[in-house]
Amino acid sequence: EAGIACVPVVEELVEQLQKADLLHLDETHWYESGKLHWLWVAVTTKTAVFHIGSRRKEELSHLVKEAFLGWLVSDGYAAYRSHPKRQRCVAHLIRKAVAITGAINQKAAQIGQWILDDLRELIATIADASENNRLIRKLLARLRRACHLGKKVDHQKLQALAKEIFNDWDAVVAFVYHSELPPTNNEAERALRHAVIARNIGFGTRTSEGSLAYSSLLSVIETCRLRALNPWTYIASVLANARQGLSPPPCPVGS
């Protein structure tokens with residue numbers, strides 16, 4: 001009952017997402033009646049919205065509308081690539097580079113280490129608010145050179161990583177030129193954490209109605225957490241209004 005009652009609240013939260021300057025997006029697998037689905041999340045500093053559906057690009061329209069003109073921070077999933085303003089999660093690339101450094105192929109391992117070092121140094125340099133443009137240009141050139149070499153090595157994962165960085169270069173290094181952008185997608189990953197634990201324990205949902213109710217409750221609870229509100233107090237007020245046939249009260253912005 002609470003989940004369904006929260007649906008109109010979630011619709012309003014989705015509209016609030018469209019006004020954000022920065023939106024974190026992520027997705028993880030989910031099960032509905034034992035069949036593979038996907039749990040999507042969109043997060044700002046004050047709002048979080050979850051959606052359960054397929055992994056098709058069309059599902060993204062439940063979270064990101066044409067009215068959204070801000071920056072997306074995401075992994076490299078193709079569904080996000082049509083948006084013109086994106087920041088790729090560099091942490092995902094770093095994890096792939098770390099795996100390559102342990103390769104038996106020593107040349108691949110060495111180039112993987114170069115890519116890893118360059119990505120980490122680039123993040124550290126920007127985090128220190130460095131205005132050393134010469135150093136930044138040097139790091140970018142070094143990263144491109146390492147990826148260029150990586151494409152030529154007979155190692156499938158290294159080739160894939162090098163091509164991934166090259167093919168999405170502008171999104172990978174957007175944080176270098178826009179100080180307001182984070183280089184990682186930690187906000188969205190954190191928002192999914194409790195749902196992942198619940199999935200591992202409860203094996204997902206059983207019906208489409210259950211998925212809608214569950215994702216709606218997740219959206220309200222996580223949004224209340226971000227806004228420093230008591231979610232149970234707010235959900236109680238939503239239920240009270242619903243039983244009287246009234247619209248739900250707006251979710252306060254909080255402190």
# chains A, B, ... in the order shown; residues from 1 in each chain; ligands from 1
>>> closest_atom_pairs(of="segment 136-199 of chain A", to="segment 39-58 of chain A", cutoff="9 Å", atoms="only C-alpha atoms", output="Markdown table")
| residue | atom | partner | partner_atom | distance |
| --- | --- | --- | --- | --- |
| A:Glu187 | CA | A:Val43 | CA | 7.0 |
| A:Ala188 | CA | A:Val43 | CA | 6.0 |
| A:Glu189 | CA | A:Val41 | CA | 8.9 |
| A:Ala191 | CA | A:Val41 | CA | 7.5 |
| A:Leu192 | CA | A:Val41 | CA | 7.2 |
| A:Ala195 | CA | A:Leu39 | CA | 8.7 |
>>> residues_around(residues="Ile115 of chain A", least_positions_apart="4", cutoff="10 Å", atoms="only C-alpha atoms", output="VMD selection string")
chain A and resid 93 to 94 96 to 98 100 to 101 109 to 111 119 to 121 142 to 147 150 158 161 to 162 165
>>> closest_residue(among="A:Ser208, A:Gln159, A:Asn185, A:Gln18", to="Val73 of chain A", atoms="only C-alpha atoms")
A:Asn185
>>> closest_residue(among="A:Lys19, A:Arg81, A:Lys65, A:Arg86", to="Thr184 of chain A", atoms="only C-alpha atoms")
A:Arg86
>>> closest_residue(among="A:Ile126, A:Leu246, A:Ala213, A:Ala171", to="Gly76 of chain A", atoms="only C-alpha atoms")
A:Ala171
>>> select_by_dssp(residues="segment 6-234 of chain A", states="strand (DSSP E or B)", output="short mmCIF file (atom, residue, chain, number, x, y, z; two decimals) with N, CA, C and O atoms, in the first residue's frame")
data_model
loop_
_atom_site.label_atom_id
_atom_site.label_comp_id
_atom_site.auth_asym_id
_atom_site.auth_seq_id
_atom_site.Cartn_x
_atom_site.Cartn_y
_atom_site.Cartn_z
N LEU A 22 23.56 18.43 -12.27
CA LEU A 22 24.41 17.23 -12.27
C LEU A 22 23.59 16.04 -11.82
O LEU A 22 22.93 16.09 -10.78
N LEU A 23 23.61 14.97 -12.61
CA LEU A 23 22.79 13.80 -12.32
C LEU A 23 23.64 12.54 -12.44
O LEU A 23 24.24 12.28 -13.48
N HIS A 24 23.70 11.77 -11.35
CA HIS A 24 24.42 10.50 -11.35
C HIS A 24 23.46 9.38 -11.74
O HIS A 24 22.34 9.30 -11.21
N LEU A 25 23.92 8.49 -12.62
CA LEU A 25 23.09 7.38 -13.08
C LEU A 25 23.86 6.06 -12.97
O LEU A 25 25.05 6.01 -13.23
N ASP A 26 23.13 5.02 -12.60
CA ASP A 26 23.75 3.69 -12.56
C ASP A 26 22.65 2.66 -12.66
O ASP A 26 21.46 2.98 -12.51
N GLU A 27 23.02 1.42 -12.89
CA GLU A 27 22.05 0.34 -12.99
C GLU A 27 22.69 -0.96 -12.53
O GLU A 27 23.91 -1.12 -12.59
N THR A 28 21.87 -1.87 -12.04
CA THR A 28 22.34 -3.18 -11.60
C THR A 28 21.26 -4.20 -11.91
O THR A 28 20.09 -3.84 -12.09
N HIS A 29 21.64 -5.48 -12.00
CA HIS A 29 20.64 -6.48 -12.35
C HIS A 29 19.65 -6.69 -11.21
O HIS A 29 19.98 -6.49 -10.04
N TRP A 30 18.46 -7.08 -11.56
CA TRP A 30 17.36 -7.28 -10.63
C TRP A 30 16.54 -8.47 -11.15
O TRP A 30 16.60 -8.79 -12.34
N TYR A 31 15.80 -9.08 -10.27
CA TYR A 31 14.97 -10.21 -10.69
C TYR A 31 13.51 -9.95 -10.34
O TYR A 31 13.18 -9.52 -9.24
N GLU A 32 12.66 -10.17 -11.34
CA GLU A 32 11.22 -10.06 -11.14
C GLU A 32 10.60 -11.40 -11.51
O GLU A 32 10.70 -11.83 -12.66
N LYS A 35 12.94 -13.67 -13.38
CA LYS A 35 13.44 -13.25 -14.70
C LYS A 35 14.33 -12.02 -14.55
O LYS A 35 14.08 -11.15 -13.72
N LEU A 36 15.35 -11.95 -15.40
CA LEU A 36 16.33 -10.87 -15.30
C LEU A 36 15.72 -9.53 -15.70
O LEU A 36 15.17 -9.38 -16.79
N HIS A 37 15.80 -8.57 -14.80
CA HIS A 37 15.43 -7.18 -15.05
C HIS A 37 16.60 -6.31 -14.60
O HIS A 37 17.65 -6.81 -14.20
N TRP A 38 16.37 -5.00 -14.63
CA TRP A 38 17.42 -4.07 -14.20
C TRP A 38 16.84 -3.01 -13.28
O TRP A 38 15.73 -2.53 -13.50
N LEU A 39 17.60 -2.70 -12.25
CA LEU A 39 17.24 -1.63 -11.33
C LEU A 39 18.10 -0.41 -11.67
O LEU A 39 19.32 -0.45 -11.56
N TRP A 40 17.44 0.66 -12.09
CA TRP A 40 18.12 1.91 -12.46
C TRP A 40 17.98 2.90 -11.31
O TRP A 40 17.00 2.88 -10.56
N VAL A 41 18.95 3.79 -11.20
CA VAL A 41 18.84 4.87 -10.22
C VAL A 41 19.41 6.16 -10.81
O VAL A 41 20.38 6.14 -11.56
N ALA A 42 18.75 7.27 -10.48
CA ALA A 42 19.23 8.61 -10.82
C ALA A 42 19.29 9.40 -9.52
O ALA A 42 18.32 9.42 -8.75
N VAL A 43 20.43 10.04 -9.26
CA VAL A 43 20.66 10.69 -7.97
C VAL A 43 21.22 12.10 -8.15
O VAL A 43 22.14 12.30 -8.96
N ALA A 48 16.62 11.15 -5.18
CA ALA A 48 17.00 9.86 -5.75
C ALA A 48 15.74 9.18 -6.27
O ALA A 48 14.72 9.13 -5.58
N VAL A 49 15.80 8.68 -7.49
CA VAL A 49 14.66 7.97 -8.08
C VAL A 49 15.14 6.64 -8.63
O VAL A 49 16.13 6.59 -9.37
N PHE A 50 14.42 5.57 -8.28
CA PHE A 50 14.73 4.22 -8.75
C PHE A 50 13.67 3.77 -9.74
O PHE A 50 12.51 4.18 -9.66
N HIS A 51 14.07 2.90 -10.66
CA HIS A 51 13.13 2.36 -11.65
C HIS A 51 13.55 0.93 -11.98
O HIS A 51 14.73 0.66 -12.21
N ILE A 52 12.59 0.02 -12.01
CA ILE A 52 12.85 -1.37 -12.36
C ILE A 52 12.24 -1.65 -13.73
O ILE A 52 11.05 -1.39 -13.96
N GLY A 53 13.05 -2.15 -14.64
CA GLY A 53 12.57 -2.46 -15.99
C GLY A 53 13.61 -3.26 -16.74
O GLY A 53 14.45 -3.92 -16.13
N TRP A 71 24.55 17.80 -16.65
CA TRP A 71 25.59 16.80 -16.88
C TRP A 71 25.14 15.45 -16.34
O TRP A 71 24.56 15.37 -15.25
N LEU A 72 25.42 14.39 -17.09
CA LEU A 72 25.24 13.03 -16.60
C LEU A 72 26.58 12.47 -16.17
O LEU A 72 27.58 12.62 -16.89
N VAL A 73 26.61 11.82 -15.02
CA VAL A 73 27.79 11.09 -14.57
C VAL A 73 27.38 9.62 -14.56
O VAL A 73 26.41 9.24 -13.88
N SER A 74 28.09 8.78 -15.31
CA SER A 74 27.66 7.40 -15.47
C SER A 74 28.84 6.51 -15.82
O SER A 74 29.96 6.98 -16.00
N ARG A 86 28.43 14.60 -20.67
CA ARG A 86 28.63 13.41 -19.84
C ARG A 86 30.00 13.39 -19.21
O ARG A 86 30.98 13.89 -19.77
N GLN A 87 30.06 12.79 -18.02
CA GLN A 87 31.33 12.46 -17.37
C GLN A 87 31.35 10.96 -17.13
O GLN A 87 30.47 10.42 -16.45
N ARG A 88 32.31 10.26 -17.72
CA ARG A 88 32.48 8.83 -17.49
C ARG A 88 33.07 8.60 -16.11
O ARG A 88 33.94 9.34 -15.66
N THR A 205 11.71 -9.08 -6.81
CA THR A 205 10.27 -8.91 -6.63
C THR A 205 9.54 -9.99 -7.44
O THR A 205 10.15 -10.68 -8.25
#
>>> select_by_dssp(residues="segment 33-232 of chain A", states="helix (DSSP H, G or I)", output="count of residues only")
118
